[in-house]
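Raw coords-v2.cif, mmCIF, C-alpha atoms:
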data_my_file
#
loop_
_atom_site.label_atom_id
_atom_site.label_comp_id
_atom_site.auth_asym_id
_atom_site.auth_seq_id
_atom_site.Cartn_x
_atom_site.Cartn_y
_atom_site.Cartn_z
CA MET A 1 104.36 -12.89 24.62
CA LEU A 2 106.87 -14.92 26.63
CA PRO A 3 107.65 -18.55 25.62
CA GLN A 4 105.55 -21.02 27.67
CA ASN A 5 107.63 -24.16 27.12
CA ASP A 6 110.82 -25.52 25.52
CA GLN A 7 109.22 -25.81 22.08
CA ASP A 8 107.97 -22.21 22.21
CA LEU A 9 111.47 -21.11 23.25
CA LYS A 10 113.04 -22.92 20.27
CA VAL A 11 110.57 -21.28 17.90
CA SER A 12 111.24 -17.87 19.46
CA ILE A 13 115.00 -18.24 19.06
CA MET A 14 114.62 -19.34 15.43
CA THR A 15 112.26 -16.43 14.68
CA ASP A 16 114.67 -13.93 16.23
CA LEU A 17 117.50 -15.35 14.12
CA PHE A 18 115.59 -15.01 10.86
CA GLU A 19 114.40 -11.54 11.82
CA LYS A 20 118.01 -10.49 12.30
CA MET A 21 118.87 -11.84 8.86
CA GLN A 22 115.75 -10.63 7.05
CA GLU A 23 117.64 -8.03 4.96
CA HIS A 24 120.25 -10.60 3.91
CA GLU A 25 120.21 -13.11 1.09
CA GLN A 26 122.36 -15.73 2.79
CA VAL A 27 124.25 -16.35 6.01
CA VAL A 28 126.71 -19.24 6.20
CA PHE A 29 128.08 -20.69 9.45
CA CYS A 30 131.44 -22.39 8.89
CA ASN A 31 132.75 -24.98 11.33
CA ASP A 32 135.93 -27.05 10.99
CA PRO A 33 136.87 -28.69 14.33
CA GLU A 34 140.16 -30.04 12.95
CA THR A 35 141.60 -26.54 12.39
CA GLY A 36 139.47 -24.74 14.99
CA LEU A 37 137.79 -22.61 12.32
CA ARG A 38 134.53 -20.97 13.38
CA ALA A 39 133.37 -18.35 10.91
CA ILE A 40 130.25 -16.57 9.69
CA ILE A 41 129.84 -15.33 6.11
CA ALA A 42 127.03 -12.82 5.57
CA ILE A 43 125.89 -12.04 2.02
CA HIS A 44 123.67 -8.97 2.08
CA ASN A 45 122.85 -8.23 -1.56
CA THR A 46 124.07 -9.49 -4.94
CA THR A 47 121.88 -7.36 -7.21
CA ALA A 48 124.86 -5.51 -8.69
CA GLY A 49 127.16 -8.54 -8.74
CA PRO A 50 128.95 -11.01 -6.45
CA ALA A 51 129.14 -10.02 -2.79
CA LEU A 52 132.44 -8.48 -1.74
CA GLY A 53 133.76 -7.73 1.72
CA GLY A 54 136.72 -8.33 4.00
CA THR A 55 137.14 -11.01 6.63
CA ARG A 56 137.92 -9.86 10.14
CA MET A 57 139.20 -12.05 12.94
CA ARG A 58 138.29 -11.19 16.48
CA ASN A 59 137.79 -12.93 19.80
CA TYR A 60 134.06 -12.24 20.00
CA GLU A 61 132.52 -12.91 23.39
CA THR A 62 129.45 -14.61 21.87
CA VAL A 63 128.35 -16.04 18.52
CA GLU A 64 125.49 -13.52 18.57
CA GLU A 65 128.00 -10.65 18.75
CA ALA A 66 129.92 -12.11 15.80
CA LEU A 67 126.72 -12.48 13.78
CA GLU A 68 125.64 -8.90 14.51
CA ASP A 69 129.02 -7.64 13.32
CA ALA A 70 128.87 -9.65 10.10
CA LEU A 71 125.30 -8.54 9.33
CA ARG A 72 125.97 -4.87 10.02
CA LEU A 73 129.22 -4.73 8.07
CA SER A 74 127.90 -6.67 5.07
CA LYS A 75 125.04 -4.22 4.59
CA GLY A 76 127.55 -1.38 4.70
CA MET A 77 129.52 -3.07 1.92
CA THR A 78 126.46 -3.11 -0.36
CA TYR A 79 126.19 0.66 -0.03
CA LYS A 80 129.95 1.18 -0.31
CA CYS A 81 130.12 -0.75 -3.60
CA ALA A 82 127.09 1.12 -4.95
CA ALA A 83 128.54 4.50 -3.92
CA ALA A 84 131.79 3.68 -5.73
CA ASP A 85 129.75 2.50 -8.76
CA LEU A 86 131.22 -1.00 -8.70
CA ASP A 87 129.62 -4.12 -10.13
CA PHE A 88 129.64 -5.94 -6.80
CA GLY A 89 127.25 -6.39 -3.93
CA GLY A 90 127.87 -6.45 -0.20
CA GLY A 91 129.17 -9.21 2.01
CA LYS A 92 131.33 -9.64 5.07
CA ALA A 93 132.82 -12.47 7.08
CA VAL A 94 134.07 -12.87 10.62
CA ILE A 95 136.33 -15.55 12.07
CA ILE A 96 135.85 -16.12 15.78
CA GLY A 97 139.24 -16.35 17.46
CA ASP A 98 142.24 -14.48 18.76
CA PRO A 99 144.32 -13.30 15.77
CA ALA A 100 147.44 -13.30 17.95
CA LYS A 101 147.03 -16.95 19.02
CA ASP A 102 144.61 -18.88 16.82
CA LYS A 103 145.86 -18.24 13.29
CA THR A 104 147.33 -21.13 11.30
CA PRO A 105 147.83 -21.73 7.56
CA GLU A 106 145.53 -24.73 7.89
CA LEU A 107 142.73 -22.63 9.38
CA PHE A 108 142.81 -20.22 6.44
CA ARG A 109 142.98 -23.07 3.92
CA ALA A 110 139.86 -24.56 5.53
CA TYR A 111 138.24 -21.13 5.35
CA GLY A 112 139.17 -20.92 1.67
CA GLN A 113 137.32 -24.19 1.04
CA PHE A 114 134.13 -22.77 2.55
CA ILE A 115 134.45 -19.65 0.36
CA GLU A 116 134.95 -21.78 -2.74
CA SER A 117 131.81 -23.77 -1.90
CA LEU A 118 129.78 -20.59 -2.49
CA ASN A 119 130.60 -20.80 -6.22
CA GLY A 120 131.65 -17.20 -6.73
CA ARG A 121 128.90 -15.53 -4.68
CA PHE A 122 131.41 -14.07 -2.21
CA TYR A 123 134.86 -12.52 -2.66
CA THR A 124 136.95 -11.58 0.35
CA GLY A 125 140.29 -10.33 1.65
CA THR A 126 141.80 -8.64 4.68
CA ASP A 127 140.04 -6.72 7.41
CA MET A 128 140.67 -6.09 11.10
CA GLY A 129 142.74 -8.91 12.63
CA THR A 130 143.79 -10.43 9.30
CA VAL A 131 146.69 -9.67 6.94
CA LEU A 132 147.47 -10.21 3.26
CA GLU A 133 149.53 -13.33 3.96
CA ASP A 134 146.55 -15.05 5.61
CA PHE A 135 144.75 -14.99 2.30
CA VAL A 136 147.72 -16.35 0.40
CA HIS A 137 146.92 -19.58 2.28
CA ALA A 138 143.19 -19.25 1.58
CA SER A 139 143.87 -18.61 -2.12
CA LYS A 140 145.30 -22.12 -2.44
CA GLU A 141 141.75 -23.39 -1.98
CA THR A 142 139.66 -20.74 -3.76
CA ARG A 143 139.79 -18.31 -6.64
CA CYS A 144 137.56 -15.87 -4.75
CA ILE A 145 140.26 -13.91 -2.90
CA ALA A 146 140.88 -10.21 -3.50
CA GLY A 147 143.56 -7.98 -2.03
CA LEU A 148 146.60 -10.26 -2.35
CA PRO A 149 150.22 -9.05 -2.08
CA GLU A 150 151.72 -7.76 -5.33
CA GLU A 151 154.14 -10.70 -5.51
CA TYR A 152 151.11 -13.00 -5.74
CA GLY A 153 149.51 -11.00 -8.55
CA GLY A 154 147.45 -8.73 -6.30
CA GLY A 155 147.15 -4.97 -6.03
CA GLY A 156 149.07 -4.70 -2.76
CA GLU A 157 148.46 -2.33 0.13
CA THR A 158 144.92 -0.89 0.06
CA SER A 159 145.65 1.86 2.59
CA ILE A 160 147.23 3.96 -0.19
CA PRO A 161 144.06 4.50 -2.28
CA THR A 162 141.94 4.59 0.90
CA ALA A 163 143.97 7.50 2.28
CA LEU A 164 143.86 9.27 -1.09
CA GLY A 165 140.08 8.89 -1.12
CA VAL A 166 139.92 10.51 2.31
CA LEU A 167 142.04 13.42 1.06
CA TYR A 168 139.80 13.90 -1.99
CA SER A 169 136.77 13.81 0.33
CA ILE A 170 138.30 16.43 2.61
CA LYS A 171 138.90 18.65 -0.42
CA ALA A 172 135.30 18.12 -1.55
CA ALA A 173 134.07 19.17 1.91
CA ALA A 174 136.39 22.20 1.84
CA SER A 175 135.07 23.17 -1.57
CA TYR A 176 131.50 22.88 -0.30
CA LEU A 177 132.16 24.84 2.90
CA TRP A 178 134.62 27.48 1.71
CA ASN A 179 134.49 27.37 -2.10
CA SER A 180 138.15 26.41 -2.11
CA GLU A 181 140.10 23.16 -1.93
CA ASP A 182 143.06 24.96 -0.33
CA LEU A 183 143.80 23.31 3.03
CA SER A 184 146.78 25.44 4.02
CA GLY A 185 146.32 26.98 7.45
CA LYS A 186 143.37 24.72 8.27
CA VAL A 187 143.34 22.69 11.48
CA PHE A 188 142.38 19.01 11.56
CA SER A 189 141.77 16.66 14.49
CA ILE A 190 142.69 13.07 13.59
CA GLN A 191 141.62 10.06 15.64
CA GLY A 192 143.79 7.05 14.84
CA LEU A 193 147.19 6.90 13.16
CA GLY A 194 147.06 3.40 11.74
CA LYS A 195 147.84 2.51 8.14
CA VAL A 196 145.20 4.87 6.72
CA GLY A 197 145.13 7.56 9.40
CA PHE A 198 148.89 8.05 9.30
CA LYS A 199 148.89 8.47 5.51
CA VAL A 200 146.00 10.94 5.74
CA ALA A 201 147.96 12.92 8.34
CA GLU A 202 150.98 13.00 6.02
CA HIS A 203 148.83 14.23 3.13
CA LEU A 204 147.35 17.01 5.28
CA LEU A 205 150.77 18.15 6.49
CA ASN A 206 151.94 18.33 2.89
CA GLU A 207 148.85 20.40 2.09
CA GLY A 208 149.93 22.94 4.75
CA ALA A 209 147.54 21.99 7.56
CA ASP A 210 148.11 21.78 11.32
CA LEU A 211 147.01 18.72 13.26
CA TYR A 212 145.66 17.53 16.58
CA VAL A 213 146.20 13.77 16.80
CA THR A 214 145.50 10.88 19.13
CA ASP A 215 146.48 7.23 18.95
CA VAL A 216 147.11 4.35 21.33
CA SER A 217 150.62 4.04 19.87
CA SER A 218 153.17 6.58 21.08
CA ASP A 219 155.45 5.44 18.24
CA ALA A 220 152.88 6.54 15.64
CA ILE A 221 152.62 9.95 17.31
CA ASP A 222 156.42 10.30 17.37
CA GLN A 223 156.59 9.40 13.67
CA ILE A 224 153.98 11.95 12.62
CA ARG A 225 155.79 14.61 14.66
CA LYS A 226 158.97 13.81 12.73
CA ALA A 227 157.04 14.06 9.47
CA ALA A 228 155.71 17.47 10.55
CA GLU A 229 159.27 18.76 11.10
CA LYS A 230 159.86 18.49 7.35
CA THR A 231 156.84 20.67 6.57
CA ASP A 232 157.04 23.36 9.29
CA ARG A 233 153.51 22.50 10.37
CA LYS A 234 152.32 21.80 13.93
CA VAL A 235 151.27 18.47 15.41
CA ILE A 236 149.71 18.49 18.88
CA ALA A 237 149.01 15.14 20.55
CA VAL A 238 146.04 14.77 22.91
CA GLU A 239 144.88 11.91 25.08
CA GLY A 240 142.09 9.58 23.93
CA ASN A 241 138.66 11.21 24.22
CA GLU A 242 140.15 14.72 24.42
CA ILE A 243 140.18 14.68 20.62
CA TYR A 244 136.41 15.33 20.56
CA GLY A 245 136.72 18.66 22.34
CA VAL A 246 139.56 20.33 20.43
CA GLU A 247 138.77 23.30 18.22
CA ALA A 248 139.48 22.39 14.60
CA ASP A 249 138.07 22.91 11.14
CA LEU A 250 137.50 19.21 10.40
CA PHE A 251 137.41 16.04 12.50
CA VAL A 252 138.97 13.01 10.77
CA PRO A 253 138.02 9.73 12.53
CA CYS A 254 140.28 6.90 11.32
CA ALA A 255 139.93 4.34 14.12
CA ILE A 256 136.86 2.50 15.47
CA GLY A 257 133.18 2.93 14.61
CA GLY A 258 130.29 4.26 16.70
CA ILE A 259 132.29 7.24 17.94
CA ILE A 260 129.78 9.84 16.73
CA ASN A 261 127.11 9.57 19.41
CA TYR A 262 125.01 11.72 21.70
CA SER A 263 127.90 12.36 24.06
CA THR A 264 130.60 13.16 21.52
CA ILE A 265 128.35 15.34 19.34
CA ASP A 266 127.91 17.70 22.31
CA GLN A 267 131.70 18.03 22.58
CA LEU A 268 132.54 18.60 18.91
CA LYS A 269 133.87 22.03 17.90
CA VAL A 270 134.38 21.42 14.19
CA LYS A 271 132.70 22.41 10.94
CA ALA A 272 132.76 18.96 9.36
CA ILE A 273 133.49 15.26 9.91
CA VAL A 274 135.35 13.47 7.11
CA GLY A 275 137.15 10.26 8.03
CA ALA A 276 138.06 6.70 7.11
CA ALA A 277 136.57 4.77 10.03
CA ASN A 278 133.67 2.44 9.22
CA ASN A 279 130.22 3.00 10.77
CA GLN A 280 131.18 6.24 12.50
CA LEU A 281 127.61 7.09 13.52
CA LEU A 282 126.25 5.14 16.47
CA SER A 283 122.88 5.40 14.72
CA GLU A 284 121.54 7.29 11.72
CA ASP A 285 119.70 9.59 14.16
CA CYS A 286 123.09 11.13 14.86
CA ALA A 287 123.19 12.48 11.29
CA GLU A 288 120.19 14.67 12.09
CA LEU A 289 121.79 15.85 15.34
CA LEU A 290 124.92 16.85 13.43
CA ARG A 291 122.82 18.73 10.87
CA GLU A 292 121.00 20.61 13.64
CA LYS A 293 124.36 21.57 15.14
CA GLY A 294 125.65 22.80 11.78
CA ILE A 295 128.32 20.11 11.41
CA LEU A 296 128.73 18.70 7.90
CA TYR A 297 128.99 14.90 7.87
CA ALA A 298 130.61 13.07 4.96
CA PRO A 299 129.14 9.51 4.86
CA ASP A 300 132.00 7.17 5.70
CA TYR A 301 131.22 4.51 3.12
CA ILE A 302 131.86 7.10 0.38
CA VAL A 303 134.94 8.59 2.01
CA ASN A 304 136.74 5.28 2.63
CA SER A 305 135.88 3.52 -0.63
CA GLY A 306 139.37 3.81 -2.15
CA GLY A 307 140.34 0.44 -0.70
CA VAL A 308 137.39 -1.44 -2.17
CA ILE A 309 138.03 0.24 -5.52
CA GLN A 310 141.52 -1.27 -5.57
CA VAL A 311 140.35 -4.67 -4.37
CA THR A 312 137.69 -4.97 -7.08
CA ASP A 313 140.05 -3.66 -9.73
CA GLU A 314 142.50 -6.43 -8.85
CA LEU A 315 139.93 -9.03 -9.89
CA TYR A 316 140.13 -7.71 -13.45
CA GLY A 317 143.94 -7.62 -13.39
CA PRO A 318 145.78 -5.08 -11.17
CA ASN A 319 146.33 -1.62 -12.65
CA LYS A 320 147.45 1.14 -10.26
CA GLU A 321 146.77 4.01 -12.66
CA ARG A 322 143.23 2.78 -13.22
CA VAL A 323 142.71 2.59 -9.45
CA LEU A 324 143.94 6.14 -8.90
CA GLN A 325 141.71 7.43 -11.70
CA LYS A 326 138.66 5.71 -10.21
CA THR A 327 139.54 6.90 -6.69
CA LYS A 328 139.41 10.53 -7.85
CA THR A 329 135.69 10.11 -8.59
CA ILE A 330 135.09 9.96 -4.81
CA TYR A 331 135.50 13.76 -4.81
CA HIS A 332 132.62 14.28 -7.25
CA THR A 333 130.39 11.62 -5.68
CA LEU A 334 130.67 13.21 -2.25
CA LEU A 335 130.17 16.74 -3.57
CA ASP A 336 127.00 15.61 -5.38
CA VAL A 337 125.70 14.03 -2.15
CA LEU A 338 126.40 17.20 -0.13
CA HIS A 339 124.54 19.38 -2.64
CA LYS A 340 121.65 16.90 -2.88
CA ALA A 341 121.28 16.89 0.91
CA GLU A 342 121.12 20.69 0.91
CA SER A 343 118.66 20.99 -1.97
CA HIS A 344 116.32 18.32 -0.57
CA ASN A 345 116.68 19.48 3.05
CA ILE A 346 117.73 16.01 4.22
CA THR A 347 120.78 14.63 6.00
CA THR A 348 123.87 13.68 4.04
CA VAL A 349 123.33 10.06 5.11
CA GLU A 350 119.83 10.08 3.61
CA ALA A 351 121.19 11.64 0.41
CA ALA A 352 123.97 9.04 0.16
CA ASN A 353 121.55 6.18 0.80
CA LEU A 354 119.21 7.47 -1.91
CA LEU A 355 122.10 7.57 -4.38
CA CYS A 356 123.10 4.00 -3.57
CA GLU A 357 119.54 2.64 -3.60
CA SER A 358 118.96 4.32 -6.96
CA ARG A 359 122.04 2.61 -8.42
CA ILE A 360 121.08 -0.76 -6.97
CA GLY A 361 117.56 -0.36 -8.34
CA PHE A 362 118.93 0.46 -11.79
CA ARG A 363 121.06 -2.70 -11.76
CA LYS A 364 118.06 -4.76 -10.66
CA ASN A 365 116.02 -3.51 -13.59
CA ARG A 366 118.90 -3.99 -16.04
CA ASN A 367 120.49 -7.21 -14.85
CA SER A 368 123.44 -8.20 -17.01
CA PHE A 369 123.34 -11.64 -18.62
CA PHE A 370 126.90 -12.36 -17.53
CA SER A 371 129.03 -11.94 -14.43
CA PRO A 372 130.96 -8.67 -14.08
CA LEU A 373 134.10 -10.77 -13.76
CA LYS A 374 133.61 -12.05 -17.32
CA ARG A 375 133.56 -8.55 -18.75
CA PRO A 376 136.59 -7.05 -20.53
CA LYS A 377 139.43 -6.55 -18.05
CA TRP A 378 139.35 -2.78 -18.47
CA VAL A 379 135.76 -2.53 -17.26
CA ILE A 380 135.68 -1.88 -13.50
CA GLY A 381 132.43 0.02 -13.14
CA SER A 382 129.17 0.10 -15.07
#
How does this structure look as structure tokens?
Amino acid sequence: MLPQNDQDLKVSIMTDLFEKMQEHEQVVFCNDPETGLRAIIAIHNTTAGPALGGTRMRNYETVEEALEDALRLSKGMTYKCAAADLDFGGGKAVIIGDPAKDKTPELFRAYGQFIESLNGRFYTGTDMGTVLEDFVHASKETRCIAGLPEEYGGGGETSIPTALGVLYSIKAAASYLWNSEDLSGKVFSIQGLGKVGFKVAEHLLNEGADLYVTDVSSDAIDQIRKAAEKTDRKVIAVEGNEIYGVEADLFVPCAIGGIINYSTIDQLKVKAIVGAANNQLLSEDCAELLREKGILYAPDYIVNSGGVIQVTDELYGPNKERVLQKTKTIYHTLLDVLHKAESHNITTVEAANLLCESRIGFRKNRNSFFSPLKRPKWVIGS
């Protein structure tokens, strides 16, 4: 029914807003005219512990677009934390603005004050459009910052464990498909050679694989070609969307989300998809299409959880060996999900979601009487 007057329109807008947020516990709009800060913090679920998720900065065209991004990403963080068996829930924040023009130390200090006002319900750090140094400024106003530079007592660069987690996931997929973790002679198509994608490419070259790659940066492509020269493996660069049509064993998306859709699925000539990009599927329906086509899909929030493992570990006191040990469990988690999907005749996304929902349900029924951050510093999971 269409709104008949201004009052009906106001009610309709308010109803739509709450319907969008119905899965979330709390959404906070932050406004500081003095610094120009406009941000949205979305807390999806704190059953397992305080919400955790990065803060991205982007020049969103509308507030609605920014809200949608925060809501979608925060829900993903709940599942990512559960998949990694961490005592944290899911949250995410977005700052509306151009990261190349609008950043100031004052803006991030103001943002830190808003985070602190949540009294430990939300911990955050870097994401797209923000860097470690931004949160050095925010940390002057709040204790709820994770992912600081090592010189400030943090764990440092998260792309290292993230890339390792992708490699372990690729080996889990290889073991499932071919009963062997040996990647020598295999061919991989990699989309995106950023911090994580480049490290994954290096790992695969060292494992004896050949690569098709694409990236907007010609410098990144030149660098990976130089790295390949030391291994006697081949790197072939392709333009943009051509990456979907190359013949390879595995596709490794490490750039933007939503790239597995009706159009690209038709083009794919691979046996599996295992990559670091967030929200790779345009919709969960695509998981069923992949299954019908015989393409194994490794749920991205399991594959790329190495970074969040390090970030949460830092809150207990940084320990690189502990992070690497925990990151290795990604291999077994993914393999269990792949076998569960097969035995239950469901998609890998459904199997992963069931695992996460089971863990969240267990925490709900056995709520701890104290915050995970007050536990002994060596405890990073349950």
**Request:** Please work out which residues fall within 8 Å of (138.9, -15.6, 17.3), coordinates as given in the file, with only C-alpha atoms counting, and return them as a ChimeraX atom specification.
**Result:** /A:38,57-60,95-99,102
**Message:** Could you check the closest approach to A:Gln22 for each of A:Lys75, A:Arg322, A:Arg143, A:Arg56 and tell me which residue wins, using all atoms listed in the file?
**Reply:**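 Checking each candidate against A:Gln22, we get A:Lys75 as the closest.
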**Residues in the PyMOL selection byres ((chain A and resi 150) around 12), expressed as a list in words** =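 Applied to this file, the PyMOL selection byres ((chain A and resi 150) around 12) selects Leu132, Glu133, Val136, Ala146, Gly147, Leu148, Pro149, Glu151, Tyr152, Gly153, Gly154, Gly155, Gly156, Glu157, Thr158, Val311, Glu314, Gly317, Pro318, Asn319 and Lys320 of chain A.
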**Prompt:** Skipping near chain neighbours, those fewer than 5 positions away, what residues fall within 10 Å of stretch 247-250 of chain A using only C-alpha atoms, listed as a list in words?
**Reply:**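 The residues that qualify are Ile170, Ala173, Ala174, Leu183, Gly185, Lys186, Val187, Phe188, Ser189, Ile190, Asp210, Leu211, Tyr212, Gln267, Leu268, Lys269, Val270, Lys271, Ala272, Ile273, Val274, Gly275, Ile295, Leu296 and Tyr297 of chain A.
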**Request:** Could you tell me which residues the PyMOL selection byres ((chain A and resi 69) around 10) grabs in this file, written as a list in words?
**Result:**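 Selected by the PyMOL selection byres ((chain A and resi 69) around 10) in this file: Ile40, Ala42, Arg56, Tyr60, Val63, Glu64, Glu65, Ala66, Leu67, Glu68, Ala70, Leu71, Arg72, Leu73, Ser74, Lys92, Ala93 and Val94 of chain A.
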**Prompt:** So how many Å separate atom CA of A:Leu338 and atom CA of A:Ala298, to one decimal?
**Reply:** 7.8 Å
**Request:** Report as number ranges by chain the full result of the PyMOL selection byres ((chain A and resi 46) around 7) when it is applied to this structure.
**Result:** A: 45, 47-51, 88-90
**Complete:** Atom pair atom CA of A:Leu315 + atom CA of A:Tyr123, distance 9.5 Å
**Distance criterion (all atoms listed in the file): nearest to A:Ala110 out of A:Glu181, A:Asn31, A:Gly91, A:Glu321** =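 Closest residue, counting all atoms listed in the file: A:Asn31.
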**Asked** In terms of the shortest atom-to-atom distance over all atoms listed in the file, which of A:His344, A:Lys80, A:Lys234, A:Lys328 is closest to A:Tyr168?
**Response**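 With all atoms listed in the file as the atom set, the closest residue is A:Lys328.
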**Prompt:** If you measure from atom CA of A:Glu19 to atom CA of A:Ala351, what distance in Å do you get, rounded to one decimal?
**Reply:**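 If I compute the distance from atom CA of A:Glu19 to atom CA of A:Ala351, I get 26.7 Å.
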**Message:** When you count only C-alpha atoms, which of these residues is closest to A:Thr347: A:Glu292, A:Glu141, A:Glu34, A:Ile259?
**Reply:**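 For A:Thr347, the nearest of the given residues is A:Glu292.
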**Prompt:** Looking at only C-alpha atoms, which of A:Leu52, A:Val337, A:Ile360, A:Leu118 is the one that sits closest to A:Val303?
**Reply:**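 Answer, going by the shortest atom-to-atom distance: A:Val337.
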Non-local contacts of A:Gly361 (12 Å; all atoms listed in the file; under 3 positions in same chain excluded) as a PDB file with C-alpha atoms, keeping the file's coordinate frame:
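Output (around07.pdb):
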ATOM      1  CA  ASN A  45     122.850  -8.230  -1.560  1.00  0.00           C
ATOM      2  CA  THR A  46     124.070  -9.490  -4.940  1.00  0.00           C
ATOM      3  CA  THR A  47     121.880  -7.360  -7.210  1.00  0.00           C
ATOM      4  CA  ALA A  48     124.860  -5.510  -8.690  1.00  0.00           C
ATOM      5  CA  ALA A  82     127.090   1.120  -4.950  1.00  0.00           C
ATOM      6  CA  ASN A 353     121.550   6.180   0.800  1.00  0.00           C
ATOM      7  CA  LEU A 354     119.210   7.470  -1.910  1.00  0.00           C
ATOM      8  CA  LEU A 355     122.100   7.570  -4.380  1.00  0.00           C
ATOM      9  CA  CYS A 356     123.100   4.000  -3.570  1.00  0.00           C
ATOM     10  CA  GLU A 357     119.540   2.640  -3.600  1.00  0.00           C
ATOM     11  CA  SER A 358     118.960   4.320  -6.960  1.00  0.00           C
ATOM     12  CA  LYS A 364     118.060  -4.760 -10.660  1.00  0.00           C
ATOM     13  CA  ASN A 365     116.020  -3.510 -13.590  1.00  0.00           C
ATOM     14  CA  ARG A 366     118.900  -3.990 -16.040  1.00  0.00           C
ATOM     15  CA  ASN A 367     120.490  -7.210 -14.850  1.00  0.00           C
TER      16      ASN A 367
END
**Message:** Quick one: residues within 12 Å of A:Ala227, all atoms listed in the file, excluding same-chain residues fewer than 6 positions away - as a list of chain:residue names?
**Reply:**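 With the cut-off at 12 Å, the set is A:Phe198, A:Lys199, A:Ala201, A:Glu202, A:His203, A:Leu204, A:Leu205, A:Asn206, A:Asp210, A:Leu211, A:Ala220, A:Ile221, A:Arg233, A:Lys234, A:Val235.
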**Message:** I'd like to know which of A:Asp313, A:Tyr331, A:Leu193, A:Val246 is closest to A:Arg225, using only C-alpha atoms.
**Reply:**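 Using only C-alpha atoms, the shortest distance to A:Arg225 belongs to A:Leu193.
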Is it possible to add N, CA, C and O atoms to stretch 151-163 of chain A and hand it back as a short mmCIF file (atom, residue, chain, number, x, y, z; two decimals), in the frame of the given file?
data_model
loop_
_atom_site.label_atom_id
_atom_site.label_comp_id
_atom_site.auth_asym_id
_atom_site.auth_seq_id
_atom_site.Cartn_x
_atom_site.Cartn_y
_atom_site.Cartn_z
N GLU A 151 153.34 -9.58 -5.03
CA GLU A 151 154.14 -10.70 -5.51
C GLU A 151 153.30 -11.93 -5.83
O GLU A 151 153.78 -12.88 -6.46
N TYR A 152 152.04 -11.91 -5.41
CA TYR A 152 151.11 -13.00 -5.74
C TYR A 152 150.09 -12.57 -6.78
O TYR A 152 149.04 -13.19 -6.95
N GLY A 153 150.38 -11.47 -7.48
CA GLY A 153 149.51 -11.00 -8.55
C GLY A 153 148.41 -10.08 -8.08
O GLY A 153 147.48 -9.80 -8.86
N GLY A 154 148.48 -9.62 -6.83
CA GLY A 154 147.45 -8.73 -6.30
C GLY A 154 147.81 -7.27 -6.46
O GLY A 154 148.84 -6.91 -7.03
N GLY A 155 146.95 -6.42 -5.93
CA GLY A 155 147.15 -4.97 -6.03
C GLY A 155 147.98 -4.39 -4.91
O GLY A 155 148.36 -3.22 -4.96
N GLY A 156 148.23 -5.19 -3.86
CA GLY A 156 149.07 -4.70 -2.76
C GLY A 156 148.29 -3.93 -1.71
O GLY A 156 147.08 -4.14 -1.52
N GLU A 157 148.98 -3.04 -1.04
CA GLU A 157 148.46 -2.33 0.13
C GLU A 157 147.29 -1.40 -0.23
O GLU A 157 147.44 -0.46 -1.01
N THR A 158 146.12 -1.67 0.37
CA THR A 158 144.92 -0.89 0.06
C THR A 158 144.85 0.43 0.82
O THR A 158 144.01 1.28 0.49
N SER A 159 145.71 0.61 1.82
CA SER A 159 145.65 1.86 2.59
C SER A 159 146.05 3.06 1.74
O SER A 159 145.68 4.20 2.06
N ILE A 160 146.79 2.84 0.66
CA ILE A 160 147.23 3.96 -0.19
C ILE A 160 146.04 4.61 -0.89
O ILE A 160 145.81 5.82 -0.74
N PRO A 161 145.23 3.86 -1.67
CA PRO A 161 144.06 4.50 -2.28
C PRO A 161 143.00 4.92 -1.25
O PRO A 161 142.29 5.91 -1.46
N THR A 162 142.91 4.19 -0.13
CA THR A 162 141.94 4.59 0.90
C THR A 162 142.27 5.98 1.44
O THR A 162 141.41 6.84 1.55
N ALA A 163 143.54 6.19 1.76
CA ALA A 163 143.97 7.50 2.28
C ALA A 163 143.80 8.60 1.24
O ALA A 163 143.40 9.73 1.56
#
